[in-house]
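For reference, the structure discussed in these notes is given below.
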Amino acid sequence: MLVFYGQVFRSSNITVDMDLVCQIEAKYPAFLFKQQLTAFVEGLYGMIRDNVKKELSALLLHAIQVPRIMKASMVRGRSFGSSSLRGRSFSNQGSYWLAIVDNLNELLNILRENCVPAIFIRKIFTQIFSFMNAQLFNSLLVRHECCSFSNGEYVKQGLAQLEVWCGEVKPEYAGSALHELRHIRQAVSFLVIFKKFRISYDEIVNDLCPVLSVQQLYKICTQYWDDKYNTESVSEEVLDEMRTLVTEESGHNASEGTFLLDDEISMPISLEEIADSMDVKEFQNVAPPSELVAMSAFQFLKS
């Protein structure tokens, strides 16, 4: 599907019968054009973003947990590109994370080949990483089997691959994407700590997991289990302090699932930002195409 969307950026060979075009006199032509251009860019941005999210969702379901049985059929085949997941072998524990990196590389190549502005690319990847952060972190909170020491190690290794990817593509394209993974990175870093029972509440909220809420921390601590080294969770004293704070917060906000992260779906970029980031070019001395000048509807090009 990304290949299809990539074609949108390339020049098309669509021809229009000018006899069928009705010329109208717009009161605010620049404003109307900007409205239409904004709608087009937002629509295109949304299609690319949603398509990538759809492709990544299947991988993220497995990337959050150490695979027990590796089967290629566990992940649906991708619908685009030469790196399709159909037939991919998942015998390696890191294969799901490698497939995620392949998705990111393929998207980056398509955008670069079609001369998409760097600021547009940065915004897309920032939002994609925010989506991955929410999906992985929420899965950690709602799936008890994911809150284990071994899963923490597995996800931490996968996140390290994303960090390497951000370093390889440079800030020009990655931007602040890595920062968007702060919730899941802090959570898995906590999971792989030995001797959690010696850590105080203040150390957890101030040093180890400053971006996580007390509800999120309490959920992780109460669900934690160690299938590898048989380590314990935090002390009862810390749990009691968290439980008290969670109870107090619940009285102010009784809605369910308040500890889960929301997925940002708005377009985090404006046409002004795109225009300001592009090189200024002068077209005053460029001759208009003779085919257009010959048409009465394009006589304004002569002025």
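Letters A, B, ... go to the chains of the structure tokens in the order shown; residues in each chain start at 1; ligands are counted from 1 in the same order.
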Quick one: residues within 10 Å of Ser57 of chain A, only C-alpha atoms counted, chain neighbours fewer than 4 positions away excluded, as a CSV table (one decimal) with N, CA and C atoms, in the first residue's frame?
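Once everything was written out, this is result_15.csv:
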```
chain,number,residue,atom,x,y,z
A,52,VAL,N,0.7,2.7,7.8
A,52,VAL,CA,1.9,2.3,8.5
A,52,VAL,C,1.5,1.7,9.8
A,53,LYS,N,0.5,2.4,10.5
A,53,LYS,CA,0.1,1.9,11.8
A,53,LYS,C,-0.6,0.5,11.7
A,61,LEU,N,2.1,-6.6,18.4
A,61,LEU,CA,1.4,-7.5,19.3
A,61,LEU,C,2.4,-8.6,19.7
A,62,HIS,N,3.3,-9.0,18.9
A,62,HIS,CA,4.3,-10.0,19.2
A,62,HIS,C,5.6,-9.4,19.7
A,63,ALA,N,5.9,-8.2,19.4
A,63,ALA,CA,7.1,-7.6,19.8
A,63,ALA,C,7.2,-7.3,21.3
A,75,VAL,N,2.0,-13.6,11.8
A,75,VAL,CA,2.0,-12.3,11.3
A,75,VAL,C,1.5,-12.2,9.9
A,100,ILE,N,9.9,-4.6,12.1
A,100,ILE,CA,9.5,-3.2,12.3
A,100,ILE,C,10.5,-2.2,11.7
A,131,PHE,N,2.9,6.3,18.4
A,131,PHE,CA,1.9,5.2,18.3
A,131,PHE,C,2.5,3.9,18.8
A,132,MET,N,3.8,3.6,18.5
A,132,MET,CA,4.4,2.4,19.0
A,132,MET,C,4.6,2.4,20.5
A,135,GLN,N,1.1,1.7,22.0
A,135,GLN,CA,0.7,0.3,21.8
A,135,GLN,C,1.5,-0.6,22.7
A,136,LEU,N,2.8,-0.5,22.7
A,136,LEU,CA,3.7,-1.3,23.6
A,136,LEU,C,3.4,-1.1,25.1
```
Measuring between only C-alpha atoms, which one of A:Leu208, A:Leu260, A:Lys54, A:Leu108 shows the shortest distance to Val142 of chain A?
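Counting only C-alpha atoms, the residue closest to Val142 of chain A is A:Leu260.
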Which residue out of A:Ser266, A:Asp207, A:Glu273, A:Pro67 has the minimum interatomic distance to Arg49 of chain A when only C-alpha atoms are used?
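Using only C-alpha atoms, Arg49 of chain A sits closest to A:Ser266.
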List every residue of segment 51-206 of chain A that DSSP, applied to the backbone of this structure, places in helix (DSSP H, G or I), and write the result as an NGL selection string.
:A and (51-63 or 72-74 or 95-113 or 118-142 or 144-146 or 149-174 or 177-191 or 196-198 or 201-206)
Report as number ranges by chain all protein, DNA and RNA residues lying within 9 Å of segment 237-253 of chain A, evaluated on only C-alpha atoms, omitting residues in the same chain fewer than 2 positions from it.
A: 197, 199-201, 214-215, 217-218, 221-222, 234-235, 255-256, 258
So that I can see what lies close to Glu163 of chain A, please list as number ranges by chain the residues with an atom at most 8 Å from it, counting only C-alpha atoms and leaving out residues fewer than 4 positions away in the same chain.
A: 159, 167, 178
Okay, now the selection with C-alpha atoms, as a compact mmCIF listing (two decimals), in the first residue's frame?
```
# COMPACT_ATOMS: atom_id res chain seq x y z
CA LEU A 159 13.98 -0.75 21.60
CA GLY A 167 21.05 7.24 14.93
CA LEU A 178 13.17 8.37 19.97
```
